[in-house]
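File shown here: model.txt, holding compact mmCIF, C-alpha atoms and all ligand atoms.
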```txt
# COMPACT_ATOMS: atom_id res chain seq x y z
CA MET A 1 20.14 59.26 103.40
CA ALA A 2 23.26 61.31 104.07
CA THR A 3 23.36 62.51 100.46
CA ALA A 4 19.79 63.93 100.46
CA GLY A 5 19.67 67.58 99.41
CA LYS A 6 23.29 67.51 98.21
CA VAL A 7 24.91 67.31 94.79
CA ILE A 8 26.22 63.79 94.22
CA ARG A 9 29.41 63.20 92.25
CA CYS A 10 29.35 59.84 90.52
CA ARG A 11 30.16 57.98 87.31
CA ALA A 12 28.11 58.21 84.14
CA ALA A 13 28.63 57.34 80.48
CA VAL A 14 28.38 60.61 78.56
CA ALA A 15 27.58 60.64 74.82
CA TRP A 16 29.32 63.89 73.83
CA ALA A 17 28.40 63.70 70.14
CA PRO A 18 26.59 61.37 67.71
CA GLY A 19 28.68 58.54 66.31
CA LYS A 20 31.32 58.64 69.09
CA SER A 21 31.93 56.03 71.80
CA LEU A 22 30.56 56.76 75.23
CA SER A 23 32.93 58.33 77.69
CA VAL A 24 32.80 57.27 81.36
CA GLU A 25 33.12 60.52 83.31
CA GLU A 26 32.60 61.92 86.78
CA VAL A 27 29.34 63.90 86.66
CA GLU A 28 27.44 66.00 89.17
CA VAL A 29 23.84 65.04 89.85
CA ALA A 30 21.77 67.78 91.50
CA PRO A 31 19.15 66.93 94.15
CA PRO A 32 15.58 66.29 92.99
CA LYS A 33 13.29 69.33 92.77
CA ALA A 34 9.58 69.25 93.67
CA GLY A 35 7.84 66.25 92.08
CA GLU A 36 11.13 64.50 91.25
CA VAL A 37 12.91 61.39 92.51
CA ARG A 38 16.68 60.75 92.65
CA ILE A 39 17.46 57.09 92.05
CA LYS A 40 20.66 55.12 92.65
CA ILE A 41 20.83 52.93 89.55
CA VAL A 42 22.02 49.41 90.43
CA ALA A 43 21.83 47.73 87.02
CA THR A 44 21.07 48.73 83.44
CA GLY A 45 20.65 46.80 80.21
CA ILE A 46 21.90 47.98 76.82
CA CYS A 47 19.10 48.11 74.23
CA HIS A 48 19.50 48.45 70.47
CA SER A 49 17.57 51.72 70.73
CA ASP A 50 20.45 53.25 72.76
CA ASP A 51 22.74 52.47 69.82
CA TYR A 52 20.15 53.86 67.41
CA VAL A 53 20.18 57.14 69.36
CA LEU A 54 23.96 57.14 69.63
CA LYS A 55 24.10 57.19 65.84
CA GLY A 56 21.99 60.38 65.95
CA SER A 57 18.93 58.72 64.39
CA LEU A 58 16.22 59.65 66.89
CA PRO A 59 14.70 63.13 66.69
CA ASN A 60 14.28 65.12 69.91
CA VAL A 61 17.57 63.86 71.42
CA GLU A 62 20.18 66.51 72.13
CA PHE A 63 23.86 65.94 72.78
CA PRO A 64 25.75 65.81 75.09
CA VAL A 65 23.41 63.32 76.71
CA ILE A 66 23.40 60.44 79.19
CA LEU A 67 21.66 57.53 77.45
CA GLY A 68 20.34 54.26 78.89
CA HIS A 69 16.68 53.39 79.40
CA GLU A 70 16.66 49.85 80.78
CA GLY A 71 17.56 50.36 84.42
CA ALA A 72 16.49 49.48 87.93
CA GLY A 73 17.54 51.03 91.20
CA ILE A 74 16.76 52.29 94.68
CA VAL A 75 15.28 55.66 95.61
CA GLU A 76 18.02 57.79 97.22
CA SER A 77 15.94 60.92 97.92
CA ILE A 78 12.68 62.58 96.92
CA GLY A 79 11.68 66.14 96.12
CA GLU A 80 8.89 68.10 97.76
CA GLY A 81 5.41 66.68 97.25
CA VAL A 82 6.48 63.19 96.19
CA THR A 83 4.18 60.66 97.85
CA SER A 84 4.24 57.42 95.84
CA VAL A 85 7.84 56.41 96.61
CA LYS A 86 10.25 56.92 99.51
CA PRO A 87 14.02 56.52 100.01
CA GLY A 88 14.99 52.84 100.02
CA ASP A 89 12.18 51.71 97.68
CA LYS A 90 13.14 49.53 94.71
CA VAL A 91 12.02 51.21 91.50
CA ILE A 92 12.17 51.11 87.72
CA PRO A 93 12.51 54.45 85.92
CA LEU A 94 10.07 54.62 82.99
CA CYS A 95 10.85 55.95 79.53
CA ILE A 96 7.11 56.30 78.95
CA PRO A 97 5.59 58.22 81.85
CA GLN A 98 2.09 57.81 83.21
CA CYS A 99 0.91 61.20 84.42
CA GLY A 100 -2.52 59.75 85.22
CA GLU A 101 -4.27 62.95 84.15
CA CYS A 102 -4.08 63.27 80.34
CA SER A 103 -6.82 61.86 78.09
CA PHE A 104 -4.64 58.87 77.12
CA CYS A 105 -3.82 58.01 80.74
CA ARG A 106 -7.55 58.14 81.50
CA ASN A 107 -8.33 55.89 78.51
CA PRO A 108 -7.93 52.20 79.47
CA GLU A 109 -7.07 51.37 75.83
CA SER A 110 -3.99 53.63 75.65
CA ASN A 111 -0.56 53.70 77.29
CA PHE A 112 0.64 56.76 75.41
CA CYS A 113 0.91 59.43 78.11
CA GLN A 114 0.87 62.88 76.56
CA LYS A 115 3.96 63.77 78.54
CA TYR A 116 5.91 61.32 76.34
CA HIS A 117 8.64 62.88 74.20
CA PHE A 118 6.66 62.96 70.97
CA SER A 119 4.59 65.68 72.66
CA GLU A 120 7.15 67.26 74.98
CA PRO A 121 10.94 66.70 74.60
CA GLN A 122 12.36 64.62 77.45
CA ASN A 123 15.89 66.05 77.02
CA LEU A 124 15.38 68.14 80.10
CA LEU A 125 13.19 67.56 83.13
CA PRO A 126 9.67 69.06 83.02
CA ASP A 127 10.89 72.41 84.44
CA LYS A 128 13.19 72.65 81.33
CA THR A 129 16.44 72.28 83.31
CA SER A 130 18.93 69.42 83.68
CA ARG A 131 20.12 67.81 86.91
CA PHE A 132 23.32 66.59 85.19
CA SER A 133 26.56 68.47 84.59
CA CYS A 134 30.09 67.43 83.65
CA LYS A 135 33.22 69.56 83.31
CA GLY A 136 31.10 72.68 83.72
CA LYS A 137 28.72 71.75 80.89
CA GLN A 138 25.04 70.90 81.16
CA ILE A 139 24.33 67.30 80.05
CA HIS A 140 20.92 66.36 78.66
CA HIS A 141 18.61 63.73 80.04
CA PHE A 142 17.38 60.93 77.75
CA LEU A 143 13.67 60.06 77.83
CA TRP A 144 13.94 61.41 81.42
CA VAL A 145 15.53 58.14 82.58
CA SER A 146 19.30 58.27 81.68
CA THR A 147 20.18 54.97 83.32
CA PHE A 148 23.85 55.02 82.22
CA ALA A 149 24.51 57.04 85.38
CA GLU A 150 25.05 55.88 88.94
CA TYR A 151 22.40 58.39 90.05
CA THR A 152 19.61 59.82 87.93
CA VAL A 153 16.70 62.18 88.55
CA VAL A 154 13.26 61.33 87.14
CA PRO A 155 9.78 62.90 87.52
CA GLU A 156 7.62 60.97 90.00
CA TYR A 157 5.15 60.06 87.24
CA ALA A 158 7.97 58.27 85.39
CA VAL A 159 8.87 55.95 88.30
CA ALA A 160 7.33 52.53 89.04
CA LYS A 161 7.68 51.12 92.55
CA ILE A 162 8.37 47.39 92.40
CA ASP A 163 8.39 44.46 94.85
CA ALA A 164 11.20 44.71 97.43
CA ALA A 165 12.14 41.09 96.64
CA ALA A 166 12.91 41.84 92.96
CA PRO A 167 16.53 41.22 91.84
CA LEU A 168 17.47 44.54 90.20
CA ASP A 169 20.14 42.96 87.98
CA LYS A 170 17.39 40.91 86.32
CA VAL A 171 14.26 43.07 86.34
CA CYS A 172 16.10 46.04 84.81
CA LEU A 173 15.05 44.50 81.46
CA PHE A 174 11.41 45.25 82.35
CA SER A 175 12.13 48.92 81.87
CA CYS A 176 12.16 48.35 78.09
CA GLY A 177 13.16 45.22 76.17
CA PHE A 178 11.22 42.47 77.89
CA SER A 179 8.07 44.51 78.53
CA THR A 180 8.06 45.87 74.97
CA GLY A 181 8.30 42.49 73.29
CA TYR A 182 6.16 40.45 75.68
CA GLY A 183 3.45 43.12 75.73
CA ALA A 184 3.50 43.47 71.90
CA ALA A 185 2.24 39.87 71.75
CA ILE A 186 -0.08 39.89 74.78
CA ASN A 187 -1.52 43.43 74.75
CA THR A 188 -1.08 44.87 71.26
CA ALA A 189 -1.57 41.83 69.00
CA LYS A 190 -3.70 39.95 71.55
CA VAL A 191 -2.31 36.64 70.22
CA LYS A 192 -4.95 33.91 70.45
CA PRO A 193 -4.49 30.31 71.67
CA GLY A 194 -3.77 27.95 68.77
CA SER A 195 -2.67 30.75 66.42
CA THR A 196 0.37 30.98 64.14
CA CYS A 197 2.91 33.79 64.65
CA ALA A 198 6.03 35.05 62.85
CA VAL A 199 8.64 37.11 64.67
CA PHE A 200 11.13 39.06 62.54
CA GLY A 201 14.31 39.80 64.53
CA LEU A 202 15.56 37.77 67.48
CA GLY A 203 17.29 40.38 69.62
CA GLY A 204 16.25 40.91 73.24
CA VAL A 205 12.98 42.50 72.16
CA GLY A 206 12.12 39.91 69.46
CA LEU A 207 12.84 37.01 71.81
CA SER A 208 10.51 38.63 74.34
CA VAL A 209 7.82 38.64 71.60
CA VAL A 210 8.47 34.90 71.18
CA MET A 211 7.92 34.45 74.95
CA GLY A 212 4.71 36.51 74.77
CA CYS A 213 3.36 34.44 71.84
CA LYS A 214 4.10 31.25 73.75
CA ALA A 215 2.46 32.56 76.94
CA ALA A 216 -0.63 33.49 74.89
CA GLY A 217 -0.90 29.90 73.66
CA ALA A 218 0.26 30.23 70.03
CA SER A 219 0.67 26.77 68.52
CA ARG A 220 3.27 27.73 65.90
CA ILE A 221 5.90 30.46 66.34
CA ILE A 222 8.16 31.01 63.34
CA ALA A 223 11.32 32.93 64.24
CA VAL A 224 13.05 34.86 61.43
CA ASP A 225 16.61 36.19 61.59
CA ILE A 226 19.65 36.53 59.33
CA ASN A 227 21.90 35.49 62.24
CA LYS A 228 21.44 31.74 62.77
CA ASP A 229 23.28 31.95 66.10
CA LYS A 230 20.03 33.38 67.51
CA PHE A 231 18.00 30.26 66.70
CA ALA A 232 18.98 28.06 69.67
CA LYS A 233 17.77 30.66 72.19
CA ALA A 234 14.59 31.28 70.16
CA GLN A 235 13.78 27.56 70.27
CA GLN A 236 14.51 27.41 73.98
CA LEU A 237 12.01 30.25 74.52
CA GLY A 238 9.22 28.77 72.41
CA ALA A 239 9.91 29.12 68.66
CA THR A 240 8.70 26.05 66.76
CA ASP A 241 10.46 26.92 63.45
CA CYS A 242 13.51 29.11 62.75
CA ILE A 243 14.24 30.45 59.28
CA ASN A 244 16.96 32.58 57.72
CA PRO A 245 15.73 34.73 54.80
CA ARG A 246 19.19 34.34 53.22
CA ASP A 247 18.60 30.60 52.78
CA PHE A 248 15.80 31.27 50.28
CA LYS A 249 15.73 32.73 46.78
CA LYS A 250 12.14 33.94 47.07
CA PRO A 251 10.99 36.76 49.37
CA ILE A 252 10.49 35.66 52.96
CA GLN A 253 6.79 36.64 52.89
CA GLU A 254 6.25 34.04 50.16
CA VAL A 255 8.15 31.44 52.17
CA LEU A 256 5.98 32.14 55.24
CA THR A 257 2.77 32.04 53.19
CA GLU A 258 3.75 28.67 51.74
CA MET A 259 4.69 27.35 55.19
CA THR A 260 1.31 28.31 56.65
CA GLY A 261 -1.09 28.12 53.71
CA GLN A 262 -2.73 31.53 54.20
CA GLY A 263 0.00 33.49 55.98
CA VAL A 264 0.42 33.76 59.73
CA ASP A 265 -2.27 35.08 62.07
CA PHE A 266 0.13 37.49 63.79
CA SER A 267 3.44 38.93 62.56
CA PHE A 268 5.88 41.19 64.41
CA GLU A 269 8.67 43.38 63.02
CA VAL A 270 11.34 43.69 65.71
CA ILE A 271 14.31 44.86 63.66
CA GLY A 272 13.64 48.43 62.56
CA HIS A 273 14.12 48.12 58.76
CA ALA A 274 11.68 49.37 56.11
CA ASP A 275 11.94 46.21 53.98
CA THR A 276 11.27 43.83 56.87
CA MET A 277 8.31 45.99 57.97
CA ILE A 278 6.72 45.41 54.57
CA ALA A 279 7.71 41.72 54.58
CA ALA A 280 6.13 41.26 58.03
CA LEU A 281 2.91 42.94 56.87
CA ALA A 282 2.74 40.81 53.71
CA SER A 283 3.41 37.63 55.75
CA CYS A 284 0.20 37.76 57.71
CA ASN A 285 -3.16 36.43 56.53
CA LEU A 286 -4.49 38.83 53.90
CA SER A 287 -7.93 38.99 55.47
CA THR A 288 -7.62 38.50 59.22
CA GLY A 289 -3.86 38.91 59.86
CA VAL A 290 -2.50 41.38 62.38
CA CYS A 291 1.00 42.84 61.98
CA VAL A 292 2.62 44.71 64.87
CA MET A 293 5.54 47.07 64.27
CA VAL A 294 7.88 47.19 67.23
CA GLY A 295 10.96 48.55 65.44
CA VAL A 296 11.51 52.09 64.25
CA THR A 297 13.34 53.35 61.18
CA ASP A 298 14.07 56.86 59.99
CA SER A 299 13.37 55.89 56.37
CA LYS A 300 9.91 56.19 54.85
CA ILE A 301 7.88 53.15 53.76
CA SER A 302 5.85 52.89 50.58
CA ILE A 303 3.33 50.04 50.39
CA ASP A 304 0.75 48.70 47.97
CA PRO A 305 -2.61 49.68 49.56
CA MET A 306 -3.98 46.28 48.49
CA LEU A 307 -1.96 44.82 51.38
CA LEU A 308 -4.42 46.49 53.74
CA LEU A 309 -7.54 46.67 51.59
CA THR A 310 -8.16 42.94 51.94
CA GLY A 311 -8.55 43.32 55.71
CA ARG A 312 -5.12 43.07 57.33
CA THR A 313 -4.52 45.15 60.46
CA TRP A 314 -1.22 47.04 60.86
CA LYS A 315 -0.45 48.29 64.36
CA GLY A 316 2.38 49.89 66.30
CA THR A 317 3.31 49.44 69.95
CA LEU A 318 5.28 51.35 72.55
CA LEU A 319 6.46 49.58 75.68
CA GLY A 320 4.22 46.69 74.70
CA GLY A 321 1.06 48.61 75.49
CA TRP A 322 1.58 48.45 79.27
CA LYS A 323 0.36 51.39 81.29
CA PRO A 324 3.79 51.69 82.85
CA ARG A 325 3.28 52.60 86.52
CA GLU A 326 0.69 49.83 86.89
CA GLY A 327 1.83 47.29 84.32
CA ILE A 328 5.57 47.08 85.03
CA PRO A 329 5.19 46.29 88.78
CA LYS A 330 2.66 43.57 87.82
CA LEU A 331 5.16 42.09 85.36
CA VAL A 332 7.79 42.09 88.13
CA SER A 333 5.35 40.18 90.37
CA SER A 334 4.74 37.65 87.56
CA TYR A 335 8.53 37.27 87.23
CA LEU A 336 8.79 36.55 90.97
CA GLU A 337 6.04 33.93 90.50
CA LYS A 338 8.25 32.40 87.75
CA LYS A 339 5.63 32.89 85.01
CA PHE A 340 8.34 33.46 82.35
CA GLU A 341 12.09 33.09 81.93
CA SER A 342 13.27 36.59 81.08
CA ASP A 343 16.66 35.84 82.72
CA LEU A 344 17.52 33.78 79.61
CA LEU A 345 17.78 37.05 77.66
CA ILE A 346 20.82 38.07 79.74
CA THR A 347 23.87 36.71 77.94
CA HIS A 348 26.49 39.03 79.45
CA THR A 349 26.99 40.89 82.72
CA LEU A 350 29.73 43.53 82.79
CA PRO A 351 30.96 46.19 85.20
CA PHE A 352 29.66 49.64 84.20
CA ALA A 353 33.14 50.79 83.13
CA LYS A 354 32.90 48.32 80.20
CA VAL A 355 29.82 49.99 78.69
CA ASN A 356 31.46 50.38 75.26
CA GLU A 357 32.35 46.67 75.25
CA GLY A 358 28.65 45.99 75.84
CA PHE A 359 27.76 48.06 72.75
CA GLU A 360 30.37 46.19 70.67
CA LEU A 361 28.82 42.84 71.69
CA LEU A 362 25.38 44.10 70.59
CA ARG A 363 26.66 45.44 67.25
CA ALA A 364 28.51 42.19 66.53
CA GLY A 365 25.32 40.17 67.20
CA LYS A 366 27.11 38.30 70.02
CA SER A 367 24.85 39.33 72.88
CA ILE A 368 21.14 39.32 73.49
CA ARG A 369 21.23 41.54 76.54
CA THR A 370 24.28 42.83 78.39
CA VAL A 371 23.50 44.02 81.91
CA LEU A 372 25.90 46.62 83.34
CA LEU A 373 26.40 46.66 87.10
CA PHE A 374 27.48 49.75 89.04
N1 LIG A 401 16.11 40.13 58.55
C1 LIG A 401 15.98 39.37 59.67
N2 LIG A 401 16.62 39.68 60.84
C2 LIG A 401 17.41 40.77 60.86
C3 LIG A 401 17.60 41.59 59.73
C4 LIG A 401 16.91 41.22 58.52
N3 LIG A 401 17.03 41.95 57.42
N4 LIG A 401 18.44 42.60 60.07
C5 LIG A 401 18.76 42.42 61.35
N5 LIG A 401 18.14 41.32 61.85
C6 LIG A 401 18.20 40.77 63.21
C7 LIG A 401 19.59 40.83 63.83
O1 LIG A 401 20.39 39.74 63.44
C8 LIG A 401 19.24 40.78 65.34
O2 LIG A 401 19.20 39.45 65.83
C9 LIG A 401 17.84 41.38 65.41
O3 LIG A 401 17.39 41.57 64.06
C10 LIG A 401 17.81 42.75 66.12
O4 LIG A 401 18.19 42.55 67.45
P1 LIG A 401 19.00 43.60 68.35
O5 LIG A 401 19.53 42.84 69.54
O6 LIG A 401 19.97 44.33 67.51
O7 LIG A 401 17.87 44.63 68.80
P2 LIG A 401 16.88 44.74 70.08
O8 LIG A 401 16.06 43.50 70.20
O9 LIG A 401 17.63 45.21 71.29
O10 LIG A 401 15.97 45.98 69.60
C11 LIG A 401 15.17 45.88 68.46
C12 LIG A 401 14.30 47.16 68.27
C13 LIG A 401 13.32 46.85 67.16
C14 LIG A 401 13.55 47.51 69.54
C15 LIG A 401 15.21 48.38 67.94
O11 LIG A 401 16.13 48.09 66.99
C16 LIG A 401 14.40 49.59 67.45
O12 LIG A 401 13.88 49.64 66.35
N6 LIG A 401 14.31 50.58 68.34
C17 LIG A 401 13.54 51.76 68.12
C18 LIG A 401 12.11 51.49 68.49
C19 LIG A 401 11.85 51.57 69.93
O13 LIG A 401 12.18 52.52 70.58
N7 LIG A 401 11.26 50.51 70.44
C20 LIG A 401 10.97 50.41 71.82
C21 LIG A 401 12.07 49.65 72.51
S1 LIG A 401 13.28 50.77 73.03
ZN ZN A 402 14.81 49.92 74.46
```

How does this structure look as structure tokens?
Ligand code: COD
Ligand code: ZN
Amino acid sequence: MATAGKVIRCRAAVAWAPGKSLSVEEVEVAPPKAGEVRIKIVATGICHSDDYVLKGSLPNVEFPVILGHEGAGIVESIGEGVTSVKPGDKVIPLCIPQCGECSFCRNPESNFCQKYHFSEPQNLLPDKTSRFSCKGKQIHHFLWVSTFAEYTVVPEYAVAKIDAAAPLDKVCLFSCGFSTGYGAAINTAKVKPGSTCAVFGLGGVGLSVVMGCKAAGASRIIAVDINKDKFAKAQQLGATDCINPRDFKKPIQEVLTEMTGQGVDFSFEVIGHADTMIAALASCNLSTGVCVMVGVTDSKISIDPMLLLTGRTWKGTLLGGWKPREGIPKLVSSYLEKKFESDLLITHTLPFAKVNEGFELLRAGKSIRTVLLF
């Protein structure tokens, strides 16, 4: 492409400081270095985790930064040595890389590549420099993906090549929200046919858990949220019961235990609050129940060890357990075969310039997913 090897000037939403709105600016995006890929982002979703980071709650994120981690685009140019993608390919940038070499990548049971930011900050690219600048200042990358930019640069091992037929304005959700929730049910919990599930939190990620439970053959899916406006969509996607904890005097774990006799077989916390994490754990069968934590909180949790002593399993999940470079393209193929209806998660589509409006819709509980188009 004519831009290969050159700095590209384009729009990006810069988060200059925690707690401030994003500012749509002209930024410079340097060409990819060896082992890197420059991607023209076509569409990006807004995930609650972007808002969580914007508040300054996630460690290892440095400001100013370009956020966004739910994007899809087209390869514009590649750095030296890149072999798995070429200009023109449709791709999804991955917030969890898959280097293919570390012990976790070589373990079929794990999707936690050791190049993920808990081990090595992803504020800068692996050579410890940024490809972004604005008004003479270096801007940080976010989880290496930074999809709130018209062009972004990502290491090759954090890029998944997807089917050329994939609609980018729909499959951008596979970069995080849909894959995380759907995989939490299928891969992490391994929901069994005929089982009973409870899903706490019906945002884009929680509703994807509902879809995963349904696909796995659960016979009862109890959706839990304090916003009753989320119930219609949950039912459309497979929830059999919808309950609002505020409608009950007793704790929701007691309500769920009474509804099911022994507690649910599988529970999922998809909110990111300490109290609902404990409620989700206590809601599952005390002997054989499995509780999966999808949400994150910066507060500490204290639990009664008896909750686990009786046999419950408490698990966490990142990106739904998919090994990203292999799993995400397979999910895109399943989407093209119409195996699930992830499009129903998209409630709003806005031009990129309205990124802050998209965040307001999320905070007000009015959207499930807003997709921004460049
Ligand atoms: N009880 C029941 N429901 C509640 C409560 C409560 N006390 N509080 C809030 N809710 C509901 C809200 O009404 C809303 O419907 C839902 O919980 C949350 O939905 P969203 O749309 O705000 O959030 P999502 O689905 O985009 O994201 C949820 C996460 C759990 C992923 C996110 O908040 C989080 O914890 N992110 C950090 C963890 C992470 O990185 N996960 C990987 C995905 S990026
Ligand atoms: Zn996310």

For this session: Residues within 7 Å of ligand LIG 401 (chain A), counting all atoms listed in the file: report them as a count of residues only.
Result: 35

For this session: Step by step: start from the point (25.4, 45.6, 84.6) in the file's coordinates, keep every protein, DNA or RNA residue that has an atom no farther than 8 Å from it, count all atoms listed in the file, and write the set as a VMD selection string.
Result: chain A and resid 42 to 45 169 349 to 352 370 to 374

Exercise. Contacts of Glu254 in chain A at 8 Å or less, counting all atoms listed in the file, minus same-chain residues fewer than 4 places along, as a PyMOL selection string?
Worked result: chain A and resi 250+258+283

For this session: Extract, using all atoms listed in the file, all DNA, RNA and protein residues at most 7 Å from range 6-8 of chain A, discarding same-chain residues fewer than 4 positions from it, and format them as a PyMOL selection string.
Result: chain A and resi 28-31

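Considering the residues A:Asp265, A:Asp127, A:Asp51, A:Glu360 and counting all atoms listed in the file, ligand ZN 402 (chain A) has its shortest atom-to-atom contact with A:Asp51.
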
Problem set entry | From A:Cys291, A:Gly320, A:Ala274, A:Phe63, residue lying nearest ligand ZN 402 (chain A) [all atoms listed in the file] | A:Gly320

Exercise. Skipping near chain neighbours, those fewer than 4 positions away, what residues fall within 12 Å of Ser333 in chain A using only C-alpha atoms, listed as a ChimeraX atom specification?
Worked result: /A:161-167,171,174,326-329,337-340

Keeping only C-alpha atoms, write the selected residues to a file as a compact mmCIF listing (two decimals), keeping the file's coordinate frame.
```
# COMPACT_ATOMS: atom_id res chain seq x y z
CA LYS A 161 7.68 51.12 92.55
CA ILE A 162 8.37 47.39 92.40
CA ASP A 163 8.39 44.46 94.85
CA ALA A 164 11.20 44.71 97.43
CA ALA A 165 12.14 41.09 96.64
CA ALA A 166 12.91 41.84 92.96
CA PRO A 167 16.53 41.22 91.84
CA VAL A 171 14.26 43.07 86.34
CA PHE A 174 11.41 45.25 82.35
CA GLU A 326 0.69 49.83 86.89
CA GLY A 327 1.83 47.29 84.32
CA ILE A 328 5.57 47.08 85.03
CA PRO A 329 5.19 46.29 88.78
CA GLU A 337 6.04 33.93 90.50
CA LYS A 338 8.25 32.40 87.75
CA LYS A 339 5.63 32.89 85.01
CA PHE A 340 8.34 33.46 82.35
```

Problem set entry | Exercise: residues within 12 Å of coordinate (9.1, 68.6, 79.9), counting all atoms listed in the file, as a list in words |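 Taken together, the residues in range are Asn60, Pro97, Cys99, Gln114, Lys115, Tyr116, His117, Phe118, Ser119, Glu120, Pro121, Gln122, Asn123, Leu124, Leu125, Pro126, Asp127, Lys128, Thr129, Ser130, His141, Phe142, Leu143, Trp144, Val154, Pro155, Tyr157 and Ala158 of chain A.
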
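Closest approach to Lys55 in chain A from the set A:Ala17, A:Ala184, A:Ala189, A:Ala34 is made by A:Ala17, with distances taken over only C-alpha atoms.
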
Exercise. Nearest to ligand ZN 402 (chain A): which of A:Thr3, A:Thr188, A:Ser175, A:Thr83 is it, counting all atoms listed in the file?
Worked result: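 Once distances to ligand ZN 402 (chain A) are computed over all atoms listed in the file, the minimum belongs to A:Ser175.
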
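Proximity to Phe268 in chain A at 8 Å, evaluated using all atoms listed in the file and with sequence-adjacent residues fewer than 3 positions away removed, yields Cys197, Ala198, Val199, Phe200, Val209, Ala280, Cys291, Val292, Met293 and Val294 of chain A.
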
Problem set entry | Separation of CA of Val332 in chain A from CA of Leu345 in chain A in Å | 15.3 Å

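Between CA of Asp304 in chain A and CA of Cys242 in chain A lies a distance of 27.7 Å.
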
Using all atoms of range 28-42 of chain A listed in the file and a margin of 8 Å per side, can you give the axis-aligned box centre and edge lengths in Å to one decimal, as JSON?
```
{"center_x": 17.6, "center_y": 59.4, "center_z": 91.7, "size_x": 35.6, "size_y": 35.9, "size_z": 21.0}
```
